[in-house]
>>> print(open('final34.cif').read())   # mmCIF, C-alpha atoms
data_final
loop_
_atom_site.label_atom_id
_atom_site.label_comp_id
_atom_site.auth_asym_id
_atom_site.auth_seq_id
_atom_site.Cartn_x
_atom_site.Cartn_y
_atom_site.Cartn_z
CA MET O 1 -3.35 -11.49 21.21
CA SER O 2 -3.90 -13.23 17.86
CA SER O 3 -2.07 -16.46 17.20
CA GLU O 4 0.87 -16.34 14.80
CA GLN O 5 -1.16 -18.28 12.23
CA ASN O 6 -3.82 -15.54 12.18
CA LEU O 7 -1.68 -12.39 12.40
CA VAL O 8 -2.50 -11.66 8.78
CA VAL O 9 -5.84 -12.74 7.33
CA GLU O 10 -6.46 -12.97 3.57
CA ARG O 11 -9.76 -13.09 1.76
CA VAL O 12 -10.20 -13.12 -2.02
CA GLU O 13 -13.57 -12.08 -3.36
CA THR O 14 -14.63 -13.17 -6.84
CA ARG O 15 -16.44 -10.52 -8.85
CA ALA O 16 -17.55 -10.46 -12.47
CA ALA O 17 -14.48 -8.39 -13.42
CA GLY O 18 -11.99 -10.50 -11.47
CA HIS O 19 -10.62 -11.02 -7.98
CA VAL O 20 -10.48 -8.44 -5.18
CA ALA O 21 -8.17 -9.32 -2.28
CA TYR O 22 -8.66 -8.16 1.30
CA VAL O 23 -5.60 -8.41 3.58
CA THR O 24 -6.06 -7.63 7.28
CA ILE O 25 -3.43 -7.20 9.98
CA ASN O 26 -5.10 -9.13 12.77
CA ASN O 27 -3.59 -8.10 16.10
CA PRO O 28 -6.23 -5.70 17.46
CA ASP O 29 -5.36 -6.27 21.13
CA ARG O 30 -1.94 -4.74 20.38
CA ARG O 31 -3.33 -2.06 18.04
CA ASN O 32 -2.18 -4.23 15.14
CA ALA O 33 1.49 -3.92 16.05
CA LEU O 34 3.70 -5.89 13.68
CA GLY O 35 6.34 -8.16 15.12
CA ILE O 36 8.67 -10.30 13.03
CA ALA O 37 6.05 -13.03 12.64
CA GLY O 38 3.50 -10.49 11.40
CA LYS O 39 5.94 -8.97 8.91
CA LYS O 40 6.78 -12.42 7.56
CA ALA O 41 3.10 -13.32 7.28
CA LEU O 42 2.35 -10.05 5.47
CA THR O 43 5.21 -10.66 3.03
CA GLU O 44 4.04 -14.20 2.34
CA ALA O 45 0.44 -13.05 1.84
CA PHE O 46 1.40 -10.61 -0.90
CA HIS O 47 3.73 -13.13 -2.53
CA ARG O 48 0.79 -15.54 -2.77
CA LEU O 49 -1.50 -12.87 -4.19
CA ALA O 50 1.08 -11.97 -6.84
CA LYS O 51 0.51 -15.42 -8.40
CA ASP O 52 -3.23 -14.82 -8.88
CA LYS O 53 -3.67 -14.03 -12.59
CA LEU O 54 -7.27 -12.92 -12.02
CA LEU O 55 -6.38 -10.44 -9.26
CA ARG O 56 -7.46 -6.87 -10.07
CA VAL O 57 -6.88 -4.94 -6.84
CA ALA O 58 -5.88 -5.56 -3.20
CA LEU O 59 -6.89 -3.78 0.00
CA LEU O 60 -4.77 -3.65 3.15
CA THR O 61 -6.24 -2.70 6.52
CA GLY O 62 -6.08 -3.37 10.25
CA ALA O 63 -8.54 -5.36 12.32
CA GLY O 64 -10.96 -3.43 14.48
CA GLU O 65 -11.75 0.27 14.44
CA ARG O 66 -8.80 1.77 16.31
CA SER O 67 -5.69 1.00 14.34
CA PHE O 68 -4.29 0.37 10.87
CA ILE O 69 -0.78 -0.64 12.02
CA SER O 70 0.54 0.98 15.19
CA GLY O 71 4.15 0.17 14.26
CA ALA O 72 6.65 -2.46 15.27
CA ASP O 73 6.30 -4.56 18.40
CA ILE O 74 8.44 -2.49 20.80
CA ALA O 75 8.61 -5.25 23.43
CA GLU O 76 10.06 -7.54 20.77
CA MET O 77 12.38 -4.86 19.35
CA LYS O 78 13.84 -4.15 22.78
CA LYS O 79 15.30 -7.67 22.87
CA VAL O 80 16.99 -7.47 19.46
CA SER O 81 20.79 -7.67 19.61
CA PRO O 82 23.07 -5.72 17.23
CA ARG O 83 23.82 -9.01 15.49
CA GLU O 84 20.12 -9.70 14.91
CA ALA O 85 19.16 -6.14 13.98
CA ARG O 86 19.89 -6.31 10.25
CA GLU O 87 17.71 -9.36 9.68
CA VAL O 88 14.89 -7.97 11.83
CA HIS O 89 14.79 -4.65 9.98
CA GLN O 90 15.00 -6.41 6.63
CA TRP O 91 11.54 -7.85 7.25
CA VAL O 92 9.97 -4.39 7.16
CA HIS O 93 11.55 -3.87 3.76
CA ARG O 94 10.51 -7.31 2.51
CA ALA O 95 6.89 -6.68 3.47
CA CYS O 96 6.91 -3.26 1.80
CA GLU O 97 8.60 -4.60 -1.33
CA ALA O 98 6.06 -7.42 -1.60
CA ILE O 99 3.30 -4.80 -1.55
CA ARG O 100 5.05 -2.54 -4.06
CA SER O 101 5.78 -5.50 -6.36
CA LEU O 102 2.19 -6.73 -6.51
CA PRO O 103 1.23 -6.45 -10.20
CA VAL O 104 -2.04 -4.66 -9.39
CA PRO O 105 -2.89 -1.58 -7.28
CA VAL O 106 -2.90 -1.85 -3.49
CA ILE O 107 -5.19 0.40 -1.48
CA ALA O 108 -4.35 1.21 2.13
CA ARG O 109 -7.59 1.39 4.12
CA ILE O 110 -6.37 3.39 7.12
CA ASN O 111 -8.89 3.02 9.92
CA GLY O 112 -6.89 4.39 12.85
CA TYR O 113 -3.33 4.61 14.21
CA CYS O 114 -0.65 4.55 11.52
CA PHE O 115 2.78 4.82 13.09
CA GLY O 116 6.35 3.86 12.20
CA ALA O 117 6.39 0.66 10.18
CA GLY O 118 2.66 1.17 9.65
CA MET O 119 3.31 4.47 7.89
CA GLU O 120 6.06 2.85 5.80
CA ILE O 121 3.71 0.04 4.78
CA ALA O 122 0.97 2.54 3.93
CA ALA O 123 3.49 4.55 1.87
CA SER O 124 4.26 1.35 -0.04
CA CYS O 125 0.64 1.05 -1.12
CA ASP O 126 -0.48 2.76 -4.31
CA MET O 127 -3.39 4.72 -2.84
CA ARG O 128 -4.30 5.69 0.70
CA ILE O 129 -7.69 6.49 2.18
CA GLY O 130 -7.98 7.37 5.86
CA VAL O 131 -10.59 8.23 8.45
CA THR O 132 -10.78 11.62 10.12
CA THR O 133 -9.89 10.07 13.50
CA ALA O 134 -6.62 8.48 12.29
CA LYS O 135 -3.22 9.54 13.63
CA PHE O 136 0.13 9.34 11.85
CA GLY O 137 3.76 9.53 12.90
CA MET O 138 7.31 8.22 12.65
CA PRO O 139 8.34 7.84 16.32
CA GLU O 140 11.49 5.70 15.87
CA VAL O 141 13.97 8.34 17.10
CA ARG O 142 12.11 8.37 20.42
CA PHE O 143 13.08 4.70 20.76
CA GLY O 144 16.72 5.28 19.90
CA ILE O 145 16.73 4.24 16.23
CA PRO O 146 16.24 6.20 13.00
CA SER O 147 13.33 5.81 10.63
CA GLY O 148 14.74 3.60 7.89
CA MET O 149 13.67 1.19 5.18
CA GLU O 150 10.63 2.48 3.25
CA ALA O 151 10.58 5.74 5.19
CA CYS O 152 12.62 6.82 2.16
CA LEU O 153 9.34 6.87 0.19
CA LEU O 154 7.94 9.70 2.29
CA PRO O 155 9.71 12.64 0.56
CA HIS O 156 8.09 11.65 -2.73
CA LEU O 157 4.67 11.77 -1.07
CA ILE O 158 4.87 14.61 1.43
CA GLY O 159 8.04 16.52 0.53
CA TRP O 160 11.38 16.81 2.27
CA GLY O 161 10.31 19.39 4.85
CA LYS O 162 7.39 17.38 6.19
CA THR O 163 9.47 14.21 6.15
CA ARG O 164 12.17 15.89 8.23
CA GLU O 165 9.56 17.15 10.66
CA LEU O 166 8.16 13.66 11.21
CA VAL O 167 11.43 11.72 11.43
CA PHE O 168 13.30 14.29 13.54
CA THR O 169 10.55 15.05 16.07
CA GLY O 170 8.64 11.77 16.31
CA ASP O 171 5.51 13.91 16.68
CA HIS O 172 2.10 12.75 15.55
CA ILE O 173 -0.06 14.51 12.97
CA ASP O 174 -3.80 14.18 12.56
CA ALA O 175 -5.62 12.90 9.50
CA ALA O 176 -6.44 16.37 8.18
CA GLU O 177 -2.73 17.24 8.15
CA ALA O 178 -1.86 13.88 6.58
CA CYS O 179 -4.28 14.67 3.77
CA ARG O 180 -3.13 18.27 3.40
CA CYS O 181 0.53 17.28 3.04
CA GLY O 182 -0.26 14.57 0.48
CA PHE O 183 0.07 11.34 2.44
CA LEU O 184 -3.63 10.57 2.07
CA GLU O 185 -5.38 10.82 -1.27
CA LYS O 186 -8.82 10.66 0.33
CA LEU O 187 -10.11 11.59 3.79
CA VAL O 188 -13.51 10.38 5.01
CA GLU O 189 -15.59 10.03 8.13
CA PRO O 190 -15.34 6.53 9.68
CA ALA O 191 -18.83 5.56 8.53
CA ALA O 192 -17.90 6.38 4.93
CA LEU O 193 -14.61 4.43 4.84
CA ASP O 194 -15.85 1.32 3.07
CA ALA O 195 -17.86 3.34 0.56
CA GLY O 196 -14.77 5.39 -0.22
CA VAL O 197 -12.71 2.25 -0.75
CA GLU O 198 -15.39 0.70 -2.94
CA GLN O 199 -15.47 3.78 -5.16
CA TRP O 200 -11.78 3.23 -6.00
CA VAL O 201 -12.23 -0.53 -6.38
CA SER O 202 -15.13 -0.06 -8.81
CA SER O 203 -13.12 2.39 -10.90
CA ILE O 204 -10.16 0.00 -11.10
CA LEU O 205 -12.43 -2.91 -12.02
CA ALA O 206 -13.94 -0.80 -14.80
CA ALA O 207 -10.50 -0.37 -16.38
CA GLY O 208 -8.71 -2.82 -18.63
CA PRO O 209 -7.08 -5.54 -16.48
CA ARG O 210 -3.99 -5.73 -18.68
CA ALA O 211 -3.74 -1.94 -18.89
CA ILE O 212 -3.82 -1.70 -15.08
CA ARG O 213 -0.96 -4.19 -14.73
CA ILE O 214 1.10 -2.36 -17.34
CA GLN O 215 0.31 0.95 -15.61
CA LYS O 216 1.40 -0.39 -12.21
CA LYS O 217 4.77 -1.43 -13.62
CA LEU O 218 5.14 1.88 -15.45
CA VAL O 219 4.50 3.90 -12.29
CA ARG O 220 7.26 1.97 -10.50
CA ASP O 221 9.59 2.60 -13.43
CA TRP O 222 8.86 6.33 -13.27
CA GLU O 223 10.23 6.44 -9.72
CA ARG O 224 13.76 5.70 -10.89
CA MET O 225 13.76 7.43 -14.29
CA THR O 226 14.51 10.85 -15.64
CA ILE O 227 11.68 12.63 -17.48
CA ALA O 228 13.19 11.68 -20.84
CA GLN O 229 13.48 8.02 -19.82
CA ALA O 230 9.94 8.01 -18.41
CA VAL O 231 8.50 9.36 -21.67
CA GLN O 232 10.16 6.59 -23.67
CA ALA O 233 9.01 3.99 -21.13
CA GLY O 234 5.47 5.30 -21.56
CA ILE O 235 5.66 4.92 -25.32
CA ARG O 236 6.85 1.33 -24.94
CA ALA O 237 4.06 0.64 -22.43
CA CYS O 238 1.39 1.95 -24.82
CA ASN O 239 2.80 -0.21 -27.60
CA GLU O 240 2.77 -3.23 -25.30
CA ALA O 241 -0.87 -2.58 -24.39
CA ARG O 242 -1.86 -2.80 -28.06
CA ARG O 243 -0.50 -6.31 -28.48
CA THR O 244 -3.92 -7.63 -27.41
CA ASP O 245 -7.43 -6.56 -28.39
CA GLU O 246 -8.14 -5.01 -24.98
CA PRO O 247 -7.77 -1.37 -26.19
CA ARG O 248 -9.93 -1.99 -29.26
CA ARG O 249 -12.68 -3.68 -27.23
CA LEU O 250 -12.80 -1.01 -24.53
CA MET O 251 -12.71 1.85 -27.04
CA ALA O 252 -15.51 0.23 -29.05
CA ALA O 253 -17.60 -0.19 -25.89
CA PHE O 254 -17.04 3.47 -25.00
CA LEU O 255 -18.12 4.65 -28.46
CA ALA O 256 -21.20 2.40 -28.36
CA ARG O 257 -22.26 3.90 -25.01
CA LYS O 258 -21.70 7.40 -26.36
CA LYS O 259 -24.00 6.73 -29.35
CA LYS O 260 -26.83 5.65 -27.04
CA ARG O 261 -26.84 8.94 -25.18
#
>>> encode(input="final34.cif", output="C-alpha cells")
Amino acid sequence: MSSEQNLVVERVETRAAGHVAYVTINNPDRRNALGIAGKKALTEAFHRLAKDKLLRVALLTGAGERSFISGADIAEMKKVSPREAREVHQWVHRACEAIRSLPVPVIARINGYCFGAGMEIAASCDMRIGVTTAKFGMPEVRFGIPSGMEACLLPHLIGWGKTRELVFTGDHIDAAEACRCGFLEKLVEPAALDAGVEQWVSSILAAGPRAIRIQKKLVRDWERMTIAQAVQAGIRACNEARRTDEPRRLMAAFLARKKKR
C-alpha cells in the first residue's frame, strides 16, 4: 500500500499555453480506495492548484490500469463511530468541492473501477472520459449507509430514474451504459485513453485562458439559477470577458487565419 505522503501525486506540466496539472490517486494495491488520509490529500492538492494563476486544465486519474477510485476504504469505514461519522463523511464533500471550485476545467480520466466515492468525485469533475472496460456503481446501501454527499450531482448528469436505480440497488453498470445514460462524455478503448484526454486538453488550451475561467464560474452559477437568472448571468459574464483585450486578440487571429485559406 502507498504511504500516506504519496496517496495523491501531483505533477504540473508547463506548456506554451500554460500549465496542465495531473493528479493521480496512488493506492493501486487497494484499487485506489480512498481513506480519510487520501481524501484530505486530494482536497489539499486541488487547493494548491487553485492558487496557480497559469493553470489551464487539470486531469484526475487513478494509478495503474485497473481502477480510477474504487470507493471509500471499507476496512477504515467499519471502525467509524456515530460520533466520528459526520467528520469522516465531510471529507468526501471537501474533496469534491475542491475539485468543483478549481477555477479551470477538471477532466476525470477513468481508467477502471469507479465506485461510490469514486463516482461522486468523477461527477464533481467537469468532463469525464472512460475506458470500455470500466465499471461504475454506488454500492453504499449494501454496506448499510446511503449514498450521500456529491451523489446529489448524479440526477443532473444521468436523470432521476438512473440515479434511483444505482443508489437503491447498489448494482454495477458497464462503461457503455455509463456513456449511454450521460455519465461519460467520451468512451474509448484503453489504448486510446490518453489520446482522448489530450484532444480535450488541446481544445481547452486553444481557448482564451480568461474566458475559460469565466466560463467555469458561469457553469457553476447555472446549476443554482433559474433560466432567467442564468441568461442575465451570461450577459454579465460576456461583459466581464471584454474588460481585457483577449476577445479582440482571439477574434483578430481567427479572421487572419480565415483570410489565408
>>> atom_distance(input="final34.cif", atom1="CA of Asp126 in chain O", atom2="CA of Thr14 in chain O")
21.5 Å
>>> resolve_selection(input="final34.cif", expression="the PyMOL selection byres ((chain O and resi 158) around 6)", output="MDAnalysis selection string")
chainID O and resid 154:155 157 159 181:183
>>> residues_around(input="final34.cif", residues="Pro103 in chain O", least_positions_apart="4", cutoff="8 Å", atoms="all atoms listed in the file", output="short mmCIF file (atom, residue, chain, number, x, y, z; two decimals) with C-alpha atoms, in the coordinates of the input")
data_model
loop_
_atom_site.label_atom_id
_atom_site.label_comp_id
_atom_site.auth_asym_id
_atom_site.auth_seq_id
_atom_site.Cartn_x
_atom_site.Cartn_y
_atom_site.Cartn_z
CA ALA O 50 1.08 -11.97 -6.84
CA ARG O 213 -0.96 -4.19 -14.73
CA LYS O 216 1.40 -0.39 -12.21
CA LYS O 217 4.77 -1.43 -13.62
#
>>> residues_around(input="final34.cif", residues="Glu120 in chain O", least_positions_apart="6", cutoff="8 Å", atoms="all atoms listed in the file", output="PyMOL selection string")
chain O and resi 96+149-151+153-154
>>> write_last_selection(input="final34.cif", atoms="C-alpha atoms", output="mmCIF file, keeping the file's coordinate frame")
data_model
loop_
_atom_site.group_PDB
_atom_site.id
_atom_site.type_symbol
_atom_site.label_atom_id
_atom_site.label_comp_id
_atom_site.auth_asym_id
_atom_site.auth_seq_id
_atom_site.Cartn_x
_atom_site.Cartn_y
_atom_site.Cartn_z
ATOM 1 C CA CYS O 96 6.910 -3.260 1.800
ATOM 2 C CA MET O 149 13.670 1.190 5.180
ATOM 3 C CA GLU O 150 10.630 2.480 3.250
ATOM 4 C CA ALA O 151 10.580 5.740 5.190
ATOM 5 C CA LEU O 153 9.340 6.870 0.190
ATOM 6 C CA LEU O 154 7.940 9.700 2.290
#
>>> resolve_selection(input="final34.cif", expression="the PyMOL selection byres ((chain O and resi 214) around 9)", output="JSON list (two decimals) with C-alpha atoms, in the coordinates of the input")
[["chain", "number", "residue", "atom", "x", "y", "z"],
["O", 103, "PRO", "CA", 1.23, -6.45, -10.20],
["O", 104, "VAL", "CA", -2.04, -4.66, -9.39],
["O", 209, "PRO", "CA", -7.08, -5.54, -16.48],
["O", 210, "ARG", "CA", -3.99, -5.73, -18.68],
["O", 211, "ALA", "CA", -3.74, -1.94, -18.89],
["O", 212, "ILE", "CA", -3.82, -1.70, -15.08],
["O", 213, "ARG", "CA", -0.96, -4.19, -14.73],
["O", 215, "GLN", "CA", 0.31, 0.95, -15.61],
["O", 216, "LYS", "CA", 1.40, -0.39, -12.21],
["O", 217, "LYS", "CA", 4.77, -1.43, -13.62],
["O", 218, "LEU", "CA", 5.14, 1.88, -15.45],
["O", 219, "VAL", "CA", 4.50, 3.90, -12.29],
["O", 237, "ALA", "CA", 4.06, 0.64, -22.43],
["O", 238, "CYS", "CA", 1.39, 1.95, -24.82],
["O", 240, "GLU", "CA", 2.77, -3.23, -25.30],
["O", 241, "ALA", "CA", -0.87, -2.58, -24.39]]
>>> closest_residue(input="final34.cif", among="O:Ala206, O:Ala230, O:Met119, O:Cys114", to="Ser67 in chain O", atoms="all atoms listed in the file")
O:Cys114
>>> atom_distance(input="final34.cif", atom1="CA of Thr43 in chain O", atom2="CA of Ile99 in chain O")
7.7 Å
>>> residues_around(input="final34.cif", residues="Glu76 in chain O", least_positions_apart="2", cutoff="12 Å", atoms="only C-alpha atoms", output="JSON, numbers by chain")
{"O": [33, 34, 35, 36, 37, 38, 71, 72, 73, 74, 78, 79, 80, 81, 84, 85, 88]}
>>> residues_around(input="final34.cif", residues="range 171-174 of chain O", least_positions_apart="4", cutoff="10 Å", atoms="all atoms listed in the file", output="list in words")
Tyr113, Cys114, Phe115, Val131, Thr132, Thr133, Ala134, Lys135, Phe136, Gly137, Met138, Pro139, Arg142, Glu165, Leu166, Val167, Ala178 and Cys179 of chain O
>>> atom_distance(input="final34.cif", atom1="CA of Arg180 in chain O", atom2="CA of Pro28 in chain O")
28.0 Å
>>> resolve_selection(input="final34.cif", expression="the PyMOL selection byres ((chain O and resi 106) around 9)", output="PDB file with C-alpha atoms, in the coordinates of the input")
ATOM      1  CA  VAL O  57      -6.880  -4.940  -6.840  1.00  0.00           C
ATOM      2  CA  ALA O  58      -5.880  -5.560  -3.200  1.00  0.00           C
ATOM      3  CA  LEU O  59      -6.890  -3.780   0.000  1.00  0.00           C
ATOM      4  CA  LEU O  60      -4.770  -3.650   3.150  1.00  0.00           C
ATOM      5  CA  ILE O  99       3.300  -4.800  -1.550  1.00  0.00           C
ATOM      6  CA  ARG O 100       5.050  -2.540  -4.060  1.00  0.00           C
ATOM      7  CA  LEU O 102       2.190  -6.730  -6.510  1.00  0.00           C
ATOM      8  CA  VAL O 104      -2.040  -4.660  -9.390  1.00  0.00           C
ATOM      9  CA  PRO O 105      -2.890  -1.580  -7.280  1.00  0.00           C
ATOM     10  CA  ILE O 107      -5.190   0.400  -1.480  1.00  0.00           C
ATOM     11  CA  ALA O 108      -4.350   1.210   2.130  1.00  0.00           C
ATOM     12  CA  SER O 124       4.260   1.350  -0.040  1.00  0.00           C
ATOM     13  CA  CYS O 125       0.640   1.050  -1.120  1.00  0.00           C
ATOM     14  CA  ASP O 126      -0.480   2.760  -4.310  1.00  0.00           C
ATOM     15  CA  MET O 127      -3.390   4.720  -2.840  1.00  0.00           C
ATOM     16  CA  ARG O 128      -4.300   5.690   0.700  1.00  0.00           C
TER      17      ARG O 128
END
>>> closest_residue(input="final34.cif", among="O:Lys39, O:Arg249, O:Arg11, O:Arg83", to="Ala207 in chain O", atoms="all atoms listed in the file")
O:Arg249
>>> closest_residue(input="final34.cif", among="O:Glu10, O:Glu44, O:Glu185, O:Glu177", to="Thr61 in chain O", atoms="all atoms listed in the file")
O:Glu10
>>> decode(input="final34.cif", residues="range 202-221 of chain O", atoms="C-alpha atoms", output="PDB file, in the first residue's frame")
ATOM      1  CA  SER O 202      -5.586  20.751 -26.621  1.00  0.00           C
ATOM      2  CA  SER O 203      -9.021  22.251 -27.243  1.00  0.00           C
ATOM      3  CA  ILE O 204      -9.061  23.925 -23.819  1.00  0.00           C
ATOM      4  CA  LEU O 205      -5.537  25.269 -24.306  1.00  0.00           C
ATOM      5  CA  ALA O 206      -6.599  26.737 -27.653  1.00  0.00           C
ATOM      6  CA  ALA O 207      -9.302  28.790 -25.925  1.00  0.00           C
ATOM      7  CA  GLY O 208      -8.852  32.091 -24.141  1.00  0.00           C
ATOM      8  CA  PRO O 209      -7.491  31.438 -20.628  1.00  0.00           C
ATOM      9  CA  ARG O 210      -9.577  34.193 -19.063  1.00  0.00           C
ATOM     10  CA  ALA O 211     -12.674  33.125 -20.999  1.00  0.00           C
ATOM     11  CA  ILE O 212     -12.281  29.554 -19.715  1.00  0.00           C
ATOM     12  CA  ARG O 213     -12.108  30.731 -16.095  1.00  0.00           C
ATOM     13  CA  ILE O 214     -15.168  32.933 -16.557  1.00  0.00           C
ATOM     14  CA  GLN O 215     -16.968  30.035 -18.255  1.00  0.00           C
ATOM     15  CA  LYS O 216     -16.149  27.643 -15.403  1.00  0.00           C
ATOM     16  CA  LYS O 217     -17.656  30.045 -12.867  1.00  0.00           C
ATOM     17  CA  LEU O 218     -20.687  30.642 -15.082  1.00  0.00           C
ATOM     18  CA  VAL O 219     -21.392  26.919 -15.424  1.00  0.00           C
ATOM     19  CA  ARG O 220     -21.392  26.576 -11.631  1.00  0.00           C
ATOM     20  CA  ASP O 221     -23.737  29.550 -11.365  1.00  0.00           C
TER      21      ASP O 221
END
